[in-house]
Structures are given as structure tokens and as C-alpha cells.
Amino acid sequence: MSAFLADTLLLLDLQRQLAWNAFLSRSLARKLVPLVAATVAVVAVGGISTAAGFSLGRVLRRFPELGLESLLPGAVLSAVALLLVVVAFGTALGSLFLADDLPRLMAAPVQRRAVFVAKLLDGMQWYYAVVAVAAGPALVAYGMGLGYGPLYYALGLLALLGTPLLPAGIAALLVMVVVRFAPASRVREFLGLTAALVGVSCSVAGQTFRLWSRQAAGFGGGIPARGREREELAAFLETIRGVVDLPIPSLVAGRGLAAAGRGDIVGAVAGTAVFLLLTFGFFAVCVLAAETLYEAGWTRMQGSGVARRRRVVERAAASDGWLANAPAAVAVAIKDWRVFPRDLTSYRQLLAPLIAVPAVYFNLFAAPSGRRGNVVQQVQRLTDGTLDLRGVGTAAAVLLLCAVMFNRVALTSIARERGGWWVLKSAPVTGMEILHGKLLVAAVPYVGLSTLLMAAVCWWNGFGPLGSLYGWLGVEALGLGMLALNVGLSVPAARLDWDDPRRMVSGWGAVGSMAGTALIGLVGGALLCLGMVAAELFPPAAPYAWFLGLACAVGVSAALGWLGLRYGASRLPRVGEVA
């Protein structure tokens with residue numbers, strides 16, 4: 001036991017020294033930026049937590065008949081514990097299976113149990129930081145709002161100290177179970193994709209809050225009768241009380257803290273004791289169970305995938321398939337389409353626009369409260385209804401969504417190859433064939449998705465077939481030009497040594513992509529609107545203006561896309577070479 005404790009403390013001290021030395025080796029800017037960002041985050045989250053705790057405390061102090069004093073402590077501790085399960089899962093996965101020092105530690109003259117415990121406790125300081133910032137201010141301000149005494153704050157400190165243990169133990173056990181069925185690297189990619197989906201869902205829910213909150217609250221459908229309203233409120237409060245009484249450790253701690261605030265010493269001590277017993281006991285059980293699975297899981301990970309990769313290679317050698325019979329550009333595209341579904345980090349690039357586009361759409365097209373109407377309606381009102389911008393806005397929204405989504409795929413075309421770039425570079429294909437294949441990778445799904453969206457929105461808005469066709473042609477022409485330009489820029493902007501998917505391309509490459517995309521969108525969009533302008537100024541020339549605008553927009557988009565591809569092909573031999 002003494003040797004295990006000594007090895008664990010030694011490993012923890014070495015981890016602390018490595019982290020400190022890594023921080024000191026950074027440049028001054030890389031030291032200051034994280035500190036400033038952390039300070040801003042602490043102040044923002046702590047301020048919101050304090051305001052929420054104090055406000056709810058004052059409300060419950062004014063209406064003691066509600067009987068919900070244990071609601072906020074239990075809810076805050078439960079929310080933080082749920083957040084820590086997700087955070088601890090990713091941390092435990094990286095430290096226990098994906099760390100670079102694991103092979104050396106497994107061969108070092110220290111106990112395997114010490115390695116496991118040290119890796120598991122490595123992220124505990126971050127868990128306590130989350131608890132201190134997110135839950136600590138809320139509990140303190142809540143006690144101040146209700147006028148609680150010192151016993152509440154003392155037991156609150158114990159609750160904060162015990163909160164991270166249960167999530168850490170559950171996360172460690174989940175990691176051991178999951179890694180027995182899937183490689184650790186794939187689990188990390190899936191975890192990142194899940195986090196991106198959660199972020200997109202929260203963003204969409206926030207942007208549409210004023211729409212669904214009104215329906216949930218019953219606004220717009222008439223005010224319910226006062227008696228029925230009281231019955232619904234009473235039923236809602238009874239449901240909350242039932243949830244608060246559940247035998248969940250964090251809710252048990254909340255009931256103990258509420259008892260401490262009321263002066264019920266027996267109830268406070270009993271609730272806190274049960275919480276600590278459940279927390280520490282379940283943490284110990286999870287750690288012991290995870291420890292028995294750790295060595296077997298780590299050993300399995302070292303040889304995972306070898307047999308599967310051998311079977312894939314044998315099947316590929318037995319059947320040439322499309323790659324051997326298709327043209328060079330199509331073969332490059334097929335190769336990427338086969339690899340892309342297995343790289344879950346690539347899906348995160350497609351999800352990024354789903355965060356920004358709902359914000360733009362609902363702020364432009366959703367009518368706010370009052371009689372002002374949305375932005376499109378205000379513009380039509382200013383022009384006395386002579387300009388109908390619904391079609392323009394719809395086509396622009398579809399172009400924005402699809403272009404932003406697939407431009408990232410086009411801009412990272414070369415960088416996604418990483419070490420496989422040398423195989424592709426030595427293949428008997430020309431540079432333009434490679435870029436044409438990369439263009440197909442993004443262009444085919446772009447055309448499919450944009451066509452589907454345009455058909456859906458045109459049917460929903462009741463647009464005519466001629467106008468719908470014109471809008472679809474404009475979206476396809478501008479979008480394909482943007483993709484071609486970004487494929488060309490992907491050559492000089494590529495970083496083959498990236499570890500973070502967000503750093504596949506250089507900074508100037510991202511700036512050039514945004515500038516080129518904006519240029520095609522603004523110039524092409526203005527040309528596509530020539531027919532609308534002509535219909536107002538000189539109606540007889542409107543049909544010719546519509547045709548001329550579409551032809552000029554196609555020409556500008558095709559010219560810029562072709563120039564981008566030519567520039568990329570000329571720089572392709574320099575990719576990966578030392579200057």
C-alpha cells in the first residue's frame with residue numbers, strides 16, 4: 001500500500017511539473033491569451049451564477065409557501081454533475097488511452113494501479129474549477145438571498161467538494177466499457193461530433209426561443225381562465241416537488257442544505273452524510289471496477305484494427321472496383337468519399353454553419369414582437385411593395401447555408417490528405433485532375449442538398465416554376481464557382497502537419513476564402529438582380545435583363561473558379577516541399 005501511494009504521488013508530481021514546464025515554454029502571447037480568456041469566462045459564468053442564485057433566493061424568501069427551498073441547490077449540483085460526466089469522459093479517455101507517455105509509463109518500474117489512479121486524478125483540478133465557478137457563487141448567493149446561517153455554508157462546502165467525485169467515477173467506468181467495443185480514437189471523434197451536435201441544438205433552440213416559448217407559454221392563443229391557471233400552476237409545482245424528492249445524490253445534498261438553512265440540524269447532517277456516503281462509495285466502486293478493466297483495455301487498444309485492416313486490404317486487392325475503372329478525377333473523388341464517412345472530425349466542419357445560419361434566418365425572416373415585421377417586410381414597406389424580396393432572400397439563405405457548409409470541405413481538400421499526400425502526389429495523375437476530383441467531392445453533395453432545399457422552400461412559399469428555376473440556376477452557378485475557388489486556395493493554404501482539425505489551413509488561406517466567396521456572392525448576386533431592377537425602371541427590357549444577369553453571373557463565377565483552380569494547379573508541386 002505504501003509503494004502504491006508513493007508511486008501515485010510521484011506520478012502526480014511529475015504530471016504537475018510537466019504541465020507547468022509546458023506553460024512556461026510558451027510565448028508571452030500564448031500565455032496571456034488563455035489567462036485573459038479564462039478570466040473573462042470566470043467573471044461571466046460566476047456573475048450569471050451569482051445573479052441566478054440571489055434572485056431565486058429572494059423570490060423564495062418572499063413566497064415561502066412554495067416550499068421549494070431545496071430546488072436550486074439540488075438543481076445546480078445536478079446540472080454541474082451532468083456537465084462533469086461529459087467533461088470527465090473526454091478527459092479520462094485522453095489521459096488513460098490516448099496520452100503519448102502511456103507506453104513508457106506501462107514499462108516503468110511503477111505499479112499499474114498507480115498509473116491508472118494518477119491518470120484518473122490528473123483532471124480533477126479542472127473538475128473542481130468548474131464546480132467552484134458554476135455552482136459555488138450560486139449556492140453562496142442563494143444562501144444570502146434566503147438569509148441562511150453558517151451551517152448552510154459549511155455543509156455547502158462539503159457538497160461542492162464531493163460533487164466531482166461521482167461524475168469522475170462514472171466517466172472512468174464508461175470509458176472502460178466503451179473502449180472494449182470501439183477504438184479510443186474513434187470514440188474521441190464521436191464525442192467531438194456529439195458535442196458539436198449539442199452545440200448546434202442549443203444554438204437553434206436559443207435562436208428560436210421567442211417562437212417556441214410563446215407556444216409553450218400559451219401566448220397568442222388566448223389567456224386561460226384564472227381558476228384553470230391556478231390549477232395548472234399547482235400541478236406544475238407538485239411535479240417539481242416530486243422531482244426534488246428523487247433519491248439522486250445531488251438532490252439529496254440539496255435537501256440537506258435546505259434543512260441546514262431552516263435550522264434543522266438533524267435533517268442537514270443526515271442529508272449531507274447520505275450524499276457523501278453515496279458519492280464517495282460509488283466513486284470507490286467505479287474506480288475499482290474500472291481499474292480491473294484498464295490493463296486489458298489498454299493492451300487490446302495496442303493491437304486493435306490490425307486484423308480488420310488486413311481484411312480490407314485483401315478485399316481491395318481481390319476486386320479492383322470503381323477506383324481502377326473510373327477517370328482519374330472521379331477516382332480521386334471516390335477515394336475521398338470512401339474515407340470521409342470514417343472520419344468523424346470531418347462532420348464537425350459540416351455542422352458549423354448550422355450554428356450561424358439559424359441566427360441569420362430568424363433575425364431576417366421571423367417577425368419580432370410588435371408590428372414592425374421582419375427585415376424583408378420592412379424593406380418592402382419602405383418601397384411601397386414594389387420590390388418583392390422573398391425570392392431573393394430565400395435563394396440567398398439557401399446559398400449561404402450550402403456554400404458555408406461545403407466551402408470548408410473544399411478549402412481543406414489537400415490538407416485532409418496529411419501523410420497520404422505523398423502517395424497521391426506520386427500517382428500518375430495531373431495536378432488539374434487531382435483538383436477536379438477534389439471539386440467533385442464538394443460539388444456533388446452541394447448540388448444535391450441545394451436542389452433539395454430550393455425545391456422545398458419554393459414549394460412552401462408558392463413560387464412559380466420559372467422563378468424557382470431561375471433561383472436554382474443562380475444558387476448552383478454561384479455556389480460551384482465558390483467551391484472551385486476554395487479548392488484552388490486549398491493548395492497553397494494546406495497544412496499537412498495539423499493535429500487540430502481547426503488548423504488544417506493557414507490563416508491567410510481562411511481570409512482569402514472568405515474574401516473570394518464574398519466577392520462571388522456580392523457580384524453574382526447583384527448581376528442576378530438585374531432583371532428585378534429593369535422591371536422597375538424599364539419593364540420592356542426586363543426579360544433580356546434577366547437573361548443577361550444570369551449569363552454574366554455564370555461568367556463571373558466560372559472565371560473566378562477557373563482562375564482559382566489554375567492557380568492551385570500551378571502551386572501543387574510545392575505542397576509539402578521544404579522552401
# chains A, B, ... in the order shown; residues from 1 in each chain; ligands from 1
>>> residues_around(residues="stretch 463-473 of chain A", least_positions_apart="3", cutoff="9 Å", atoms="only C-alpha atoms", output="ChimeraX atom specification")
/A:391-392,394-395,450-451,454-455,457-460,476-478,528,546,550,554
>>> residues_around(residues="stretch 274-291 of chain A", least_positions_apart="6", cutoff="8 Å", atoms="only C-alpha atoms", output="PyMOL selection string")
chain A and resi 113+116+159+162-163+165-166+168-170+172-173+176+249-250+252-253
>>> closest_residue(among="A:Ala494, A:Ala29, A:Ala19, A:Leu440", to="A:Arg416", atoms="only C-alpha atoms")
A:Ala494
>>> closest_residue(among="A:Val511, A:Ala273, A:Pro327, A:Lys335", to="A:Leu411", atoms="only C-alpha atoms")
A:Val511
>>> closest_residue(among="A:Ala515, A:Cys529, A:Ala569, A:Val523", to="A:Glu433", atoms="only C-alpha atoms")
A:Ala569
>>> atom_distance(atom1="atom CA of A:Ala553", atom2="atom CA of A:Gly516")
14.5 Å
>>> residues_around(residues="A:Pro150", least_positions_apart="3", cutoff="9 Å", atoms="only C-alpha atoms", output="JSON, numbers by chain")
{"A": [153, 154, 155, 260, 261]}
>>> write_last_selection(atoms="N, CA and C atoms", output="short mmCIF file (atom, residue, chain, number, x, y, z; two decimals), in the first residue's frame")
data_model
loop_
_atom_site.label_atom_id
_atom_site.label_comp_id
_atom_site.auth_asym_id
_atom_site.auth_seq_id
_atom_site.Cartn_x
_atom_site.Cartn_y
_atom_site.Cartn_z
N TYR A 153 -23.51 27.25 4.84
CA TYR A 153 -22.29 27.47 4.05
C TYR A 153 -21.26 26.38 4.32
N ALA A 154 -21.19 25.90 5.57
CA ALA A 154 -20.23 24.84 5.88
C ALA A 154 -20.59 23.55 5.16
N LEU A 155 -21.87 23.18 5.22
CA LEU A 155 -22.29 21.96 4.51
C LEU A 155 -22.28 22.15 3.00
N ALA A 260 -30.38 22.67 6.52
CA ALA A 260 -29.41 23.48 7.26
C ALA A 260 -29.82 24.94 7.29
N GLY A 261 -30.36 25.45 6.20
CA GLY A 261 -30.81 26.83 6.18
C GLY A 261 -31.98 27.08 7.11
#
